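Before any comments, here is the structure.
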Amino acid sequence: MLLLVGLGNPGQKYAHNRHNAGMMAVDAIADSYRLSAPRQRFQGVTRDGLLAGEKLVCLKPTTFMNLSGQSVGAAMRFFKLTPADVVVFHDELDLAPGKLRVKTGGGNGGHNGLKSIDAHIGLDYRRARIGIGHPGDKDLVTPYVLGDFTTQENQQWLAALLGAIAACAEYLVRGEDDAFQSRVMAMLKPNLHTERPSKDDLT
């Protein structure tokens, strides 16, 4: 069994924020494979079903970002999972827009959602890092991550990346993280734009 966690903040106000890229990815997977209707539990919203013959549960914590670990920990205990059975999708400032990197363990890079999960389940879970780029000034980080993706970002890479993540999700279920990463990026390569966001993109 695999628990896929999408990080973000709950509510329509935040739905299209860059900080909600993880939730967008999990939604794309759940929609693509027609998982069950949303269900409120574990201080979050879950959808479940089968993928590649394995049980899959998609979880979006509704605790707000800095308390995400409460939701993830509750789900993990209920299903009697190990950290290796958990994949967390989250936004990553230190990756260029549209890049995807998957790793197990490591630091949290100041990401409050990861800090909370670290505190509740330890460090050895799997992370799917979705690059959103950096605004170039640390004072701009908060309004940048809590700002919506622009139409240009969606057209250049976001929609294609979410589609590729969904199309390749079976590799995650099989534990083939390297294959998942490489196949997603291969699908995007012809159209991937990785320019640093312009000032116009931040307003």
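In the structure tokens, chains take letters A, B, ... by order of appearance, with residues numbered from 1 within each chain and ligands from 1 in the order shown.
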
> Residues of chain A in alpha helix (DSSP H) according to DSSP, as a PyMOL selection string?
Replying inline: chain A and resi 21-32+68-79+112-121+141-145+151-153+159-167+169-173+177-188

> Using only C-alpha atoms, which residues sit within 12 Å of Ser182 in chain A once same-chain residues fewer than 6 positions away are excluded, as an MDAnalysis selection string?
Replying inline: chainID A and resid 99:102 164:165 168:169 171:172 176 188:189

Written selection (C-alpha atoms) as a PDB file, in the first residue's frame:
ATOM      1  CA  LYS A  99      11.553  20.302 -12.612  1.00  0.00           C
ATOM      2  CA  LEU A 100      10.736  17.189 -10.582  1.00  0.00           C
ATOM      3  CA  ARG A 101      13.083  15.404  -8.214  1.00  0.00           C
ATOM      4  CA  VAL A 102      12.316  12.382  -6.026  1.00  0.00           C
ATOM      5  CA  ALA A 164       2.946  13.628 -16.664  1.00  0.00           C
ATOM      6  CA  ILE A 165       2.946  12.958 -12.913  1.00  0.00           C
ATOM      7  CA  CYS A 168       3.658   7.892 -14.574  1.00  0.00           C
ATOM      8  CA  ALA A 169       2.272   7.374 -11.050  1.00  0.00           C
ATOM      9  CA  TYR A 171       6.159   3.723 -11.006  1.00  0.00           C
ATOM     10  CA  LEU A 172       5.806   5.289  -7.560  1.00  0.00           C
ATOM     11  CA  GLU A 176      10.593   2.732  -8.859  1.00  0.00           C
ATOM     12  CA  LEU A 188       8.096  17.189 -20.532  1.00  0.00           C
ATOM     13  CA  LYS A 189      11.434  17.712 -22.227  1.00  0.00           C
TER      14      LYS A 189
END

Show me, as a CSV table (one decimal) with N, CA and C atoms, in the first residue's frame, the residues that have an atom within 10 Å of Ala37 in chain A when counting only C-alpha atoms, minus same-chain residues fewer than 2 positions from it.
chain,number,residue,atom,x,y,z
A,30,ALA,N,-5.4,11.3,-8.5
A,30,ALA,CA,-6.7,10.8,-8.0
A,30,ALA,C,-7.7,10.9,-9.2
A,31,ASP,N,-7.7,12.0,-9.9
A,31,ASP,CA,-8.7,12.2,-11.0
A,31,ASP,C,-8.4,11.2,-12.1
A,34,ARG,N,-9.4,7.8,-11.3
A,34,ARG,CA,-10.8,7.7,-10.9
A,34,ARG,C,-10.9,7.1,-9.5
A,35,LEU,N,-10.1,7.6,-8.6
A,35,LEU,CA,-10.2,7.1,-7.2
A,35,LEU,C,-11.5,7.5,-6.6
A,39,ARG,N,-13.2,11.9,1.0
A,39,ARG,CA,-13.7,11.5,2.3
A,39,ARG,C,-13.0,12.3,3.4
A,45,VAL,N,-8.4,15.2,3.7
A,45,VAL,CA,-9.4,14.6,2.7
A,45,VAL,C,-8.6,13.5,2.0
A,46,THR,N,-9.3,12.3,1.9
A,46,THR,CA,-8.7,11.2,1.3
A,46,THR,C,-9.5,10.7,0.1
A,47,ARG,N,-8.8,10.1,-0.9
A,47,ARG,CA,-9.4,9.4,-2.0
A,47,ARG,C,-8.6,8.1,-2.2
A,48,ASP,N,-9.2,7.0,-2.4
A,48,ASP,CA,-8.5,5.7,-2.5
A,48,ASP,C,-9.0,4.9,-3.6
A,49,GLY,N,-8.1,3.9,-3.9
A,49,GLY,CA,-8.4,2.9,-5.0
A,49,GLY,C,-7.3,2.0,-5.2

Who sits within 9 Å of Gly69 in chain A, only C-alpha atoms, same chain under 2 positions skipped, as an mmCIF file with C-alpha atoms, in the first residue's frame:
data_model
loop_
_atom_site.group_PDB
_atom_site.id
_atom_site.type_symbol
_atom_site.label_atom_id
_atom_site.label_comp_id
_atom_site.auth_asym_id
_atom_site.auth_seq_id
_atom_site.Cartn_x
_atom_site.Cartn_y
_atom_site.Cartn_z
ATOM 1 C CA PRO A 61 -4.128 17.506 4.961
ATOM 2 C CA THR A 63 -4.611 21.354 8.967
ATOM 3 C CA MET A 65 0.732 23.666 5.993
ATOM 4 C CA ASN A 66 2.617 23.987 9.268
ATOM 5 C CA LEU A 67 0.565 21.220 10.946
ATOM 6 C CA SER A 71 -2.683 14.410 9.392
ATOM 7 C CA VAL A 72 0.084 12.305 7.856
ATOM 8 C CA GLY A 73 0.951 10.693 11.188
ATOM 9 C CA ALA A 74 -2.677 9.791 11.875
ATOM 10 C CA GLY A 113 5.019 21.243 5.835
ATOM 11 C CA LEU A 114 8.072 19.005 5.747
ATOM 12 C CA LYS A 115 9.197 20.237 9.167
ATOM 13 C CA SER A 116 5.884 19.136 10.623
ATOM 14 C CA ILE A 117 5.979 15.748 8.913
ATOM 15 C CA ASP A 118 9.570 15.202 10.065
ATOM 16 C CA ALA A 119 8.452 15.822 13.646
ATOM 17 C CA HIS A 120 5.610 13.298 13.417
ATOM 18 C CA ILE A 121 6.987 10.394 11.359
#

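Our summary of the geometry notes that CA of Gly109 in chain A is positioned 15.8 Å from CA of Gly136 in chain A.
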
> Expressed in Å to a single decimal, how great is the separation between CA of Pro135 in chain A and CA of His90 in chain A?
Replying inline: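 Value for the CA of Pro135 in chain A-CA of His90 in chain A distance: 17.2 Å.
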
> How would you write, as a ChimeraX atom specification, the set of residues in range 3-200 of chain A that DSSP gives as strand (DSSP E or B)?
Replying inline: /A:3-6,17,39-41,44-51,54-61,86-92,100-104,126-131,148

> Quick one: residues within 6 Å of range 145-157 of chain A, only C-alpha atoms counted, chain neighbours fewer than 5 positions away excluded, as a ChimeraX atom specification?
Replying inline: /A:16-19,98,192

>> Just to confirm, what's the straight-line distance from CA of Thr104 in chain A to CA of Ala128 in chain A in Å (one decimal)?
In response: 8.9 Å

>> Let me make sure I understand: among A:Arg41, A:Lys80, A:Lys13, A:Lys55, which one has the smallest atom-to-atom distance to Glu170 in chain A if we use only C-alpha atoms?
In response: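 Among the listed residues, A:Lys55 lies closest to Glu170 in chain A.
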
>> Which residues are close to Ile132 in chain A, i.e. within 7 Å by only C-alpha atoms, leaving aside same-chain residues fewer than 6 positions away? Reply as a list in words.
In response: Arg18, Asp91, Glu92, Leu93, Leu95, Ala96, Pro97 and Gly98 of chain A

Selected residues written out with N, CA and C atoms, as a tab-separated table (two decimals), in the first residue's frame:
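Once written, result_34.tsv looks like this:
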chain	number	residue	atom	x	y	z
A	18	ARG	N	1.19	28.65	-5.51
A	18	ARG	CA	2.38	27.83	-5.79
A	18	ARG	C	2.66	26.87	-4.63
A	91	ASP	N	5.95	21.66	-3.04
A	91	ASP	CA	6.61	22.68	-3.84
A	91	ASP	C	8.05	22.84	-3.37
A	92	GLU	N	8.94	23.21	-4.30
A	92	GLU	CA	10.36	23.32	-3.99
A	92	GLU	C	10.93	24.60	-4.62
A	93	LEU	N	11.30	25.55	-3.77
A	93	LEU	CA	11.87	26.81	-4.24
A	93	LEU	C	13.22	26.63	-4.92
A	95	LEU	N	14.33	24.35	-6.86
A	95	LEU	CA	14.32	23.71	-8.18
A	95	LEU	C	13.72	24.66	-9.20
A	96	ALA	N	14.24	24.62	-10.41
A	96	ALA	CA	13.69	25.46	-11.47
A	96	ALA	C	12.24	25.10	-11.75
A	97	PRO	N	11.45	26.04	-12.19
A	97	PRO	CA	10.04	25.76	-12.47
A	97	PRO	C	9.87	24.58	-13.43
A	98	GLY	N	9.01	23.64	-13.04
A	98	GLY	CA	8.72	22.49	-13.89
A	98	GLY	C	9.63	21.30	-13.69

> Pick the closest to Gly110 in chain A from A:Ile130, A:Ala167, A:Thr142, A:Phe79: which is it, counting only C-alpha atoms?
Replying inline: A:Thr142

> Using only C-alpha atoms, which residues sit within 9 Å of Val86 in chain A once same-chain residues fewer than 6 positions away are excluded, as a PyMOL selection string?
Replying inline: chain A and resi 2-5+72+76+125-127

May I have the selected residues written with C-alpha atoms, as a PDB file, in the first residue's frame?
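Now in out28.pdb:
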ATOM      1  CA  LEU A   2       1.096   3.547  -0.754  1.00  0.00           C
ATOM      2  CA  LEU A   3       0.064   6.790   0.938  1.00  0.00           C
ATOM      3  CA  LEU A   4       0.403   9.760  -1.416  1.00  0.00           C
ATOM      4  CA  VAL A   5       0.359  13.085   0.426  1.00  0.00           C
ATOM      5  CA  VAL A  72       0.084  12.305   7.856  1.00  0.00           C
ATOM      6  CA  MET A  76       0.190   6.318   8.719  1.00  0.00           C
ATOM      7  CA  TYR A 125       9.758   9.093   3.871  1.00  0.00           C
ATOM      8  CA  ARG A 126       9.850   9.681   0.122  1.00  0.00           C
ATOM      9  CA  ARG A 127       9.591  13.220  -1.261  1.00  0.00           C
TER      10      ARG A 127
END
